[in-house]
Every structure is written in structure tokens, then in C-alpha cells.
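Enquirer: Coordinates in coords-v8.pdb, PDB, C-alpha atoms, are listed below.
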```pdb
ATOM      1  CA  MET I1433       0.000   0.000   0.000
ATOM      2  CA  ALA I1434       1.272   3.446  -0.932
ATOM      3  CA  SER I1435       2.392   5.665   1.913
ATOM      4  CA  PRO I1436       0.601   8.997   2.562
ATOM      5  CA  GLN I1437       3.587  10.851   1.115
ATOM      6  CA  GLN I1438       3.421   8.810  -2.094
ATOM      7  CA  ARG I1439      -0.299   9.493  -2.457
ATOM      8  CA  ARG I1440       0.225  13.238  -2.056
ATOM      9  CA  ALA I1441       2.970  13.194  -4.698
ATOM     10  CA  VAL I1442       0.729  11.378  -7.187
ATOM     11  CA  SER I1443      -2.130  13.826  -6.624
ATOM     12  CA  ALA I1444       0.056  16.872  -7.268
ATOM     13  CA  PRO I1445      -0.515  18.494 -10.691
ATOM     14  CA  ALA I1446       1.930  17.414 -13.389
ATOM     15  CA  PHE I1447       3.239  20.961 -13.749
ATOM     16  CA  VAL I1448       4.018  21.181 -10.024
ATOM     17  CA  ARG I1449       5.716  17.783  -9.981
ATOM     18  CA  ARG I1450       7.929  18.681 -12.930
ATOM     19  CA  LEU I1451       8.928  22.036 -11.487
ATOM     20  CA  ALA I1452       9.649  20.416  -8.130
ATOM     21  CA  ARG I1453      11.902  17.882  -9.804
ATOM     22  CA  LEU I1454      13.840  20.573 -11.673
ATOM     23  CA  GLY I1455      14.191  22.784  -8.610
ATOM     24  CA  ASP I1456      14.891  19.970  -6.144
ATOM     25  CA  LEU I1457      11.782  20.960  -4.192
ATOM     26  CA  ASP I1458       9.299  18.930  -2.141
ATOM     27  CA  PRO I1459       5.845  18.863  -3.806
ATOM     28  CA  THR I1460       4.403  16.827  -0.905
ATOM     29  CA  SER I1461       4.908  19.457   1.805
ATOM     30  CA  PRO I1462       1.663  20.567   3.499
ATOM     31  CA  ALA I1463      -0.099  23.462   1.795
ATOM     32  CA  PRO I1464      -2.972  25.678   2.918
ATOM     33  CA  SER I1465      -6.415  24.593   1.789
ATOM     34  CA  LEU I1466      -8.078  26.323  -1.148
ATOM     35  CA  SER I1467     -10.425  28.210   1.163
ATOM     36  CA  GLU I1468      -7.481  29.446   3.238
ATOM     37  CA  ARG I1469      -5.627  30.586   0.126
ATOM     38  CA  LEU I1470      -8.685  32.412  -1.207
ATOM     39  CA  GLY I1471      -9.121  34.083   2.150
ATOM     40  CA  GLN I1472      -5.580  35.439   1.851
ATOM     41  CA  TRP I1473      -5.905  36.530  -1.783
ATOM     42  CA  LEU I1474      -9.389  38.067  -1.844
ATOM     43  CA  ASP I1475      -9.519  41.659  -0.761
ATOM     44  CA  TRP I1476     -12.756  43.143   0.562
ATOM     45  CA  ASN I1477     -14.001  44.525  -2.752
ATOM     46  CA  ARG I1478     -13.368  41.314  -4.664
ATOM     47  CA  ALA I1479     -14.905  39.199  -1.919
ATOM     48  CA  ILE I1480     -18.090  41.279  -2.215
ATOM     49  CA  ALA I1481     -18.052  40.948  -6.011
ATOM     50  CA  LEU I1482     -17.644  37.173  -5.756
ATOM     51  CA  SER I1483     -20.445  36.930  -3.191
ATOM     52  CA  ARG I1484     -22.792  38.893  -5.435
ATOM     53  CA  ALA I1485     -21.928  36.707  -8.419
ATOM     54  CA  LEU I1486     -22.570  33.536  -6.409
ATOM     55  CA  ASP I1487     -25.722  34.694  -4.637
ATOM     56  CA  GLY I1488     -27.348  36.884  -7.221
ATOM     57  CA  THR I1489     -30.838  36.029  -8.418
ATOM     58  CA  PRO I1490     -30.669  34.794 -12.008
ATOM     59  CA  VAL I1491     -32.980  36.036 -14.724
ATOM     60  CA  THR I1492     -35.586  33.562 -15.929
ATOM     61  CA  GLU I1493     -34.929  33.730 -19.648
ATOM     62  CA  ASP I1494     -32.995  30.782 -21.093
ATOM     63  CA  ARG I1495     -31.234  31.044 -24.429
ATOM     64  CA  ALA I1496     -29.358  28.356 -26.302
ATOM     65  CA  VAL I1497     -25.635  28.803 -26.856
ATOM     66  CA  ARG I1498     -23.756  27.116 -29.685
ATOM     67  CA  PHE I1499     -20.355  25.859 -28.609
ATOM     68  CA  ASP I1500     -19.064  24.364 -31.880
ATOM     69  CA  ASP I1501     -17.280  27.512 -33.062
ATOM     70  CA  GLU I1502     -15.859  28.180 -29.605
ATOM     71  CA  ALA I1503     -14.565  24.623 -29.243
ATOM     72  CA  THR I1504     -12.939  24.807 -32.665
ATOM     73  CA  ALA I1505     -11.267  28.130 -31.868
ATOM     74  CA  CYS I1506      -9.923  26.792 -28.557
ATOM     75  CA  ALA I1507      -8.621  23.583 -30.132
ATOM     76  CA  ARG I1508      -6.909  25.531 -32.913
ATOM     77  CA  ALA I1509      -5.271  27.936 -30.467
ATOM     78  CA  ARG I1510      -4.067  25.108 -28.255
ATOM     79  CA  ALA I1511      -2.621  23.210 -31.223
ATOM     80  CA  THR I1512      -0.781  26.351 -32.342
ATOM     81  CA  LEU I1513       0.778  26.800 -28.911
ATOM     82  CA  GLN I1514       1.703  23.128 -28.683
ATOM     83  CA  GLY I1515       3.402  23.364 -32.064
ATOM     84  CA  ALA I1516       5.400  26.383 -30.930
ATOM     85  CA  ILE I1517       6.504  24.512 -27.804
ATOM     86  CA  MET I1518       7.646  21.494 -29.789
ATOM     87  CA  ARG I1519       9.737  23.728 -32.054
ATOM     88  CA  THR I1520      12.214  23.958 -29.174
ATOM     89  CA  ASP I1521      14.112  21.239 -31.034
ATOM     90  CA  ARG I1522      14.784  23.698 -33.854
ATOM     91  CA  LEU I1523      16.627  26.253 -31.751
ATOM     92  CA  ASP I1524      20.129  26.687 -33.128
ATOM     93  CA  ALA I1525      23.265  25.879 -31.194
ATOM     94  CA  TRP I1526      24.985  28.842 -29.615
ATOM     95  CA  PRO I1527      28.556  29.844 -28.791
ATOM     96  CA  GLY I1528      29.678  28.885 -25.317
ATOM     97  CA  GLU I1529      26.588  26.759 -24.617
ATOM     98  CA  ASP I1530      24.556  29.705 -23.377
ATOM     99  CA  VAL I1531      21.065  29.165 -21.940
ATOM    100  CA  ALA I1532      19.883  32.576 -23.179
ATOM    101  CA  PRO I1533      18.102  31.355 -26.377
ATOM    102  CA  PHE I1534      16.117  28.828 -24.364
ATOM    103  CA  ARG I1535      15.226  31.401 -21.731
ATOM    104  CA  ARG I1536      13.985  33.809 -24.410
ATOM    105  CA  HIS I1537      12.028  30.992 -26.027
ATOM    106  CA  CYS I1538      10.415  30.125 -22.693
ATOM    107  CA  LEU I1539       9.487  33.755 -21.974
ATOM    108  CA  ASP I1540       8.069  34.248 -25.466
ATOM    109  CA  LEU I1541       5.926  31.146 -25.139
ATOM    110  CA  GLN I1542       4.685  32.153 -21.709
ATOM    111  CA  ARG I1543       3.622  35.532 -23.078
ATOM    112  CA  ALA I1544       1.895  33.851 -26.014
ATOM    113  CA  MET I1545       0.087  31.427 -23.703
ATOM    114  CA  GLN I1546      -1.042  34.224 -21.400
ATOM    115  CA  ALA I1547      -2.328  36.387 -24.253
ATOM    116  CA  THR I1548      -4.064  33.547 -26.079
ATOM    117  CA  THR I1549      -5.740  31.988 -23.065
ATOM    118  CA  GLY I1550      -6.829  35.388 -21.797
ATOM    119  CA  GLN I1551      -8.552  36.145 -25.102
ATOM    120  CA  LEU I1552     -10.191  32.718 -25.223
ATOM    121  CA  ARG I1553     -11.419  33.005 -21.652
ATOM    122  CA  GLY I1554     -13.024  36.360 -22.326
ATOM    123  CA  ARG I1555     -14.618  35.047 -25.513
ATOM    124  CA  LEU I1556     -16.080  32.051 -23.692
ATOM    125  CA  ARG I1557     -17.447  34.261 -20.930
ATOM    126  CA  ASP I1558     -19.190  36.386 -23.552
ATOM    127  CA  ALA I1559     -20.746  33.238 -25.024
ATOM    128  CA  LEU I1560     -21.888  32.071 -21.600
ATOM    129  CA  ALA I1561     -23.298  35.483 -20.740
ATOM    130  CA  ALA I1562     -25.544  35.167 -23.811
ATOM    131  CA  GLY I1563     -26.780  31.753 -22.673
ATOM    132  CA  THR I1564     -28.887  30.522 -19.788
ATOM    133  CA  ALA I1565     -29.186  32.272 -16.462
ATOM    134  CA  THR I1566     -26.909  29.705 -14.848
ATOM    135  CA  GLN I1567     -24.307  30.152 -17.585
ATOM    136  CA  ALA I1568     -24.437  33.921 -17.226
ATOM    137  CA  ARG I1569     -23.797  33.594 -13.495
ATOM    138  CA  LEU I1570     -20.877  31.249 -14.175
ATOM    139  CA  ALA I1571     -19.398  33.840 -16.537
ATOM    140  CA  GLU I1572     -19.659  36.494 -13.839
ATOM    141  CA  VAL I1573     -18.018  34.248 -11.234
ATOM    142  CA  ASP I1574     -15.200  33.373 -13.620
ATOM    143  CA  ALA I1575     -14.540  37.034 -14.337
ATOM    144  CA  VAL I1576     -14.155  37.742 -10.621
ATOM    145  CA  MET I1577     -11.941  34.695 -10.121
ATOM    146  CA  GLU I1578      -9.690  35.634 -13.038
ATOM    147  CA  THR I1579      -9.256  39.171 -11.732
ATOM    148  CA  THR I1580      -8.409  37.798  -8.304
ATOM    149  CA  LEU I1581      -6.207  34.825  -9.135
ATOM    150  CA  SER I1582      -4.439  35.760 -12.374
ATOM    151  CA  PRO I1583      -1.873  38.095 -10.750
ATOM    152  CA  ARG I1584      -0.966  35.313  -8.298
ATOM    153  CA  GLU I1585      -0.777  32.770 -11.088
ATOM    154  CA  GLN I1586       1.469  34.964 -13.216
ATOM    155  CA  ALA I1587       3.790  35.640 -10.282
ATOM    156  CA  LEU I1588       4.179  31.904  -9.683
ATOM    157  CA  LEU I1589       4.666  31.036 -13.354
ATOM    158  CA  ALA I1590       7.319  33.746 -13.655
ATOM    159  CA  ALA I1591       9.636  31.500 -11.642
ATOM    160  CA  THR I1592       9.670  28.843 -14.379
ATOM    161  CA  PRO I1593      12.448  30.341 -16.576
ATOM    162  CA  ALA I1594      14.802  30.685 -13.592
ATOM    163  CA  LEU I1595      14.244  27.068 -12.563
ATOM    164  CA  LEU I1596      14.884  25.939 -16.128
ATOM    165  CA  CYS I1597      18.113  27.942 -16.259
ATOM    166  CA  GLN I1598      19.274  26.297 -13.038
ATOM    167  CA  HIS I1599      18.402  22.905 -14.491
ATOM    168  CA  PHE I1600      20.392  23.740 -17.625
ATOM    169  CA  ASP I1601      23.455  24.643 -15.547
ATOM    170  CA  ARG I1602      23.203  21.445 -13.493
ATOM    171  CA  LEU I1603      22.947  19.223 -16.544
ATOM    172  CA  ARG I1604      25.819  20.964 -18.295
ATOM    173  CA  GLY I1605      28.000  20.880 -15.196
ATOM    174  CA  ALA I1606      27.401  17.178 -14.591
ATOM    175  CA  ALA I1607      28.111  16.064 -18.159
ATOM    176  CA  PRO I1608      31.559  15.313 -19.635
ATOM    177  CA  SER I1609      32.810  18.105 -21.841
ATOM    178  CA  THR I1610      32.588  15.894 -24.933
ATOM    179  CA  ASP I1611      29.069  14.625 -24.214
ATOM    180  CA  ALA I1612      26.191  16.568 -25.754
ATOM    181  CA  ALA I1613      23.427  14.196 -24.639
ATOM    182  CA  TRP I1614      22.572  16.488 -21.737
ATOM    183  CA  LEU I1615      21.322  19.101 -24.197
ATOM    184  CA  ALA I1616      18.733  16.704 -25.615
ATOM    185  CA  THR I1617      17.639  15.966 -22.072
ATOM    186  CA  PHE I1618      17.241  19.672 -21.364
ATOM    187  CA  ARG I1619      15.247  20.272 -24.540
ATOM    188  CA  ARG I1620      12.898  17.436 -23.612
ATOM    189  CA  ASP I1621      12.493  18.730 -20.054
ATOM    190  CA  LEU I1622      11.830  22.242 -21.351
ATOM    191  CA  GLN I1623       9.114  20.938 -23.641
ATOM    192  CA  ASP I1624       7.533  18.875 -20.861
ATOM    193  CA  ILE I1625       7.435  21.861 -18.513
ATOM    194  CA  LEU I1626       5.891  24.180 -21.097
ATOM    195  CA  LEU I1627       3.306  21.590 -22.166
ATOM    196  CA  ALA I1628       2.353  21.080 -18.521
ATOM    197  CA  GLU I1629       2.057  24.853 -18.071
ATOM    198  CA  LEU I1630      -0.165  24.994 -21.139
ATOM    199  CA  ASP I1631      -2.461  22.424 -19.516
ATOM    200  CA  VAL I1632      -2.642  24.550 -16.367
ATOM    201  CA  ARG I1633      -3.512  27.672 -18.330
ATOM    202  CA  PHE I1634      -6.258  25.817 -20.220
ATOM    203  CA  HIS I1635      -8.002  24.458 -17.098
ATOM    204  CA  PRO I1636     -10.458  27.378 -16.795
ATOM    205  CA  ILE I1637     -11.006  27.368 -20.556
ATOM    206  CA  ASP I1638     -11.833  23.662 -20.510
ATOM    207  CA  ALA I1639     -14.284  24.279 -17.665
ATOM    208  CA  LEU I1640     -16.028  27.107 -19.516
ATOM    209  CA  LEU I1641     -16.198  24.983 -22.663
ATOM    210  CA  ALA I1642     -17.763  22.170 -20.660
ATOM    211  CA  ALA I1643     -20.496  24.554 -19.532
ATOM    212  CA  LEU I1644     -21.230  25.481 -23.139
ATOM    213  CA  ARG I1645     -21.119  21.845 -24.196
ATOM    214  CA  SER I1646     -23.632  20.776 -21.552
ATOM    215  CA  SER I1647     -26.144  23.302 -22.832
ATOM    216  CA  HIS I1648     -25.608  22.182 -26.414
ATOM    217  CA  ALA I1649     -25.898  18.486 -25.568
ATOM    218  CA  SER I1650     -29.101  18.963 -23.581
ATOM    219  CA  GLY I1651     -30.681  20.928 -26.407
ATOM    220  CA  THR I1652     -31.582  23.908 -24.250
ATOM    221  CA  PRO I1653     -34.276  25.847 -26.122
TER     222      PRO I1653
END
```
How does this structure look as C-alpha cells?
Expert:
Amino acid sequence: MASPQQRRAVSAPAFVRRLARLGDLDPTSPAPSLSERLGQWLDWNRAIALSRALDGTPVTEDRAVRFDDEATACARARATLQGAIMRTDRLDAWPGEDVAPFRRHCLDLQRAMQATTGQLRGRLRDALAAGTATQARLAEVDAVMETTLSPREQALLAATPALLCQHFDRLRGAAPSTDAAWLATFRRDLQDILLAELDVRFHPIDALLAALRSSHASGTP
């Protein structure tokens, strides 16, 4: 039977586990509960806004929302970002084995992911707001949550390039001077980290899409 520590490690998100491995961190250490974290992050004004979004009385009109176009747009955007991440293999070699090109590549991709997912999230909220009363409330709640949590999320994700640079230095320092296999390992790790980050950034988008899909599947009039 797995020990409690093993179970906590398995339940940790893939992105967290990969970053912990690169940074020699412990992903199983106790963390505050979600409610405790939200209590620390929500200021008074945002707490009121969230309460109103959760408790507000919905309108009675129900309108159908088509999700096909939205799902296609999200899938296309995600495939584009995945393709850009996989092009890490095409980065040219550099004099002196400098990590700078990889760091720039990582930063560029993070900016692209942030911009793309932000646009998609707003677009999906607009679609939900035009749907049923329940969907409109969900859109309002998501808007409050994004305003509250996105600055925290971006601050945490900003640590990724530094951890990757440290990983690069460790791999290079541990490898024989004539062995270039470590570079392939680093490229693969870089891709894995960025793909895992992409999954994290798409979690709210997937949830909003699911709300649109449920309305479509049930044939809401």
C-alpha cells in the first residue's frame, strides 16, 4: 500500500511535480487549503463581487448557446501553442553553450500562452453570458476569479524560466565536456514543462467549454 507521502505526490498536478523535480523541491509538503488561500488573496471589494456573483438572483430567460465555433477556436489555439513549444528542437546551437536562447524561447511562449488563453477566456465568458441564467452567473463568477487569481498565477509562473536555467546549468555541469546528450535531455524537459504549463492555463477554458457543451448536448431551447 502506498504511503501517505506517495499518495500526495501522485495527486500533485503534473506541472508542479515537474517544477519540483527541476528545482529539487518537495511537492508533498503541506499546503494551505483552497479556502485558506482564497481568504488570503481576496480583498474586501473582490470578496463582495464574488459573493454577489454567487448569490445573485438569475434572470428567468434561457437562451441556447452554440459551442461548436468556440470549441474549434480553442482547439486551434491550443494546437498552435503546442506546435510552438515542440519547435524547441529547432533552436540553433549557440557559442559557449549559453542558456539565453532557451530562456527567451520560454518567456516568449509564456507571453503567447497568457495572451491567447486570456482572449479565449473572455470570448467564452461572452458566449456564456448570452446563454442561460446559470451560464451567465458562471461567466460572472469566472470574471471575478480571473481578476483575483491571475496576478498570483502569473507571479508563480514567472519562476519557471529561472528554474529551467538552473536545471540547464546542473545538466551541463554534470556532463563530460565531450558529451552533448545532456542538451537533448534539457530540450525534452523544457518541452515537458511548457506543455504542462499549457495544460494549467487551459483548465479554466476547458471548464467554460464544458459549460457550453452541456447546454448544447441537452438541447436547451
Enquirer: Report, in Å to a single decimal, how far apart atom CA of Glu1585 of chain I and atom CA of Ala1532 of chain I are.
Expert: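 Taking atom CA of Ala1532 of chain I and atom CA of Glu1585 of chain I, their separation equals 23.9 Å.
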Enquirer: What is the distance, in Å and to one decimal place, between atom CA of Ala1559 of chain I and atom CA of Ala1516 of chain I?
Expert: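 If I compute the distance from atom CA of Ala1559 of chain I to atom CA of Ala1516 of chain I, I get 27.7 Å.
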Enquirer: Rank nothing, just name the residue among I:Gly1563, I:Asp1501, I:Thr1520, I:Cys1506 nearest to Ser1646 of chain I, using only C-alpha atoms.
Expert: I:Gly1563
Enquirer: When you look at segment 1611-1615 of chain I with a cut-off of 12 Å (counting only C-alpha atoms), what residues show up, excluding the ones that are within fewer than 2 positions of it in the same chain? I need them as number ranges by chain.
Expert: I: 1520-1521, 1523-1526, 1529-1531, 1534, 1599-1609, 1617-1622
Enquirer: Please, what distance in Å, to one decimal, runs between atom CA of Ala1571 of chain I and atom CA of Ala1503 of chain I?
Expert: 16.4 Å
Enquirer: Choose the residue, out of I:Phe1447, I:His1635, I:Ala1511, I:Gln1542, that has the smallest atom-to-atom separation from Ala1587 of chain I; count all atoms listed in the file.
Expert: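 Checking each candidate against Ala1587 of chain I, we get I:Gln1542 as the closest.
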Enquirer: Nearest to Ala1628 of chain I among I:Leu1560, I:Leu1589, I:Met1577, I:Leu1641, with distances taken over all atoms listed in the file: which residue is it?
Expert: I:Leu1589
Enquirer: Given the file shown, enumerate the residues that the PyMOL selection byres ((chain I and resi 1505) around 12) captures and present them as JSON, numbers by chain.
Expert: {"I": [1499, 1500, 1501, 1502, 1503, 1504, 1506, 1507, 1508, 1509, 1510, 1511, 1512, 1548, 1549, 1551, 1552, 1553, 1555, 1556, 1637, 1641]}
